Amino acid sequence: MLDEVLRHVLTTVEGAQCVVLAGVDGVVVAAAVAEGGPAPDVVAASLADLFRRVGQAHLDAGLLAPQEFTSGRGRAQAALLAVNAQYVLVAIQDGKGSLGRTRFELKKAAAALQTELA
């Protein structure tokens with residue numbers, strides 16, 4: 001089921017290059033990658049760590065930890081969404097598609113994965 005959900009996001013989001021479900025420690029649980037897309041293990045390790053650090057920065061500032069985080073420029077964008085306290089979804093896109101659509105599809109994927117990851 002994990003692979004099906006990630007493949008759905010990959011094929012639904014225009015310009016999606018890689019969709020990864022990772023532990024907050026950066027270890028890949030499942031991934032779907034387009035031809036020529038980035039290595040899921042590098043994406044997971046790098047961006048899960050960034051998400052954790054952004055969360056800590058929010059807490060240090062007296063804010064709640066973020067549920068989602070986006071970054072990028074031009075032809076390379078990343079969207080991250082916490083599925084729960086242990087897992088994060090990461091989508092990398094080439095900038096041709098809508099970042100809003102990417103976020104929407106990640107939210108749907110997170111909801112579909114909730115029971116699987118409980």
# chains A, B, ... in the order shown; residues from 1 in each chain; ligands from 1
>>> residues_around(residues="segment 95-109 of chain A", least_positions_apart="4", cutoff="7 Å", atoms="only C-alpha atoms", output="PyMOL selection string")
chain A and resi 5+9+13-15+74-77+79+81+89+113
>>> write_last_selection(atoms="C-alpha atoms", output="compact mmCIF listing (two decimals), in the first residue's frame")
# COMPACT_ATOMS: atom_id res chain seq x y z
CA VAL A 5 0.18 5.82 -2.40
CA VAL A 9 1.42 11.23 -5.91
CA VAL A 13 1.61 15.85 -9.59
CA GLU A 14 2.94 17.46 -12.76
CA GLY A 15 6.72 17.64 -12.66
CA GLY A 74 12.77 27.85 -10.02
CA ARG A 75 13.16 24.35 -11.37
CA ALA A 76 13.70 22.58 -8.06
CA GLN A 77 11.13 22.58 -5.28
CA ALA A 79 7.47 19.96 -0.13
CA LEU A 81 4.66 17.09 5.32
CA LEU A 89 6.53 12.71 3.30
CA LEU A 113 -1.04 6.33 5.25
>>> residues_around(residues="Pro38 of chain A", least_positions_apart="2", cutoff="12 Å", atoms="only C-alpha atoms", output="PyMOL selection string")
chain A and resi 16-20+31-36+40-44+46+76+78+90-94
>>> closest_residue(among="A:Leu80, A:Leu2, A:Leu117, A:Ala48", to="Ala22 of chain A", atoms="only C-alpha atoms")
A:Ala48
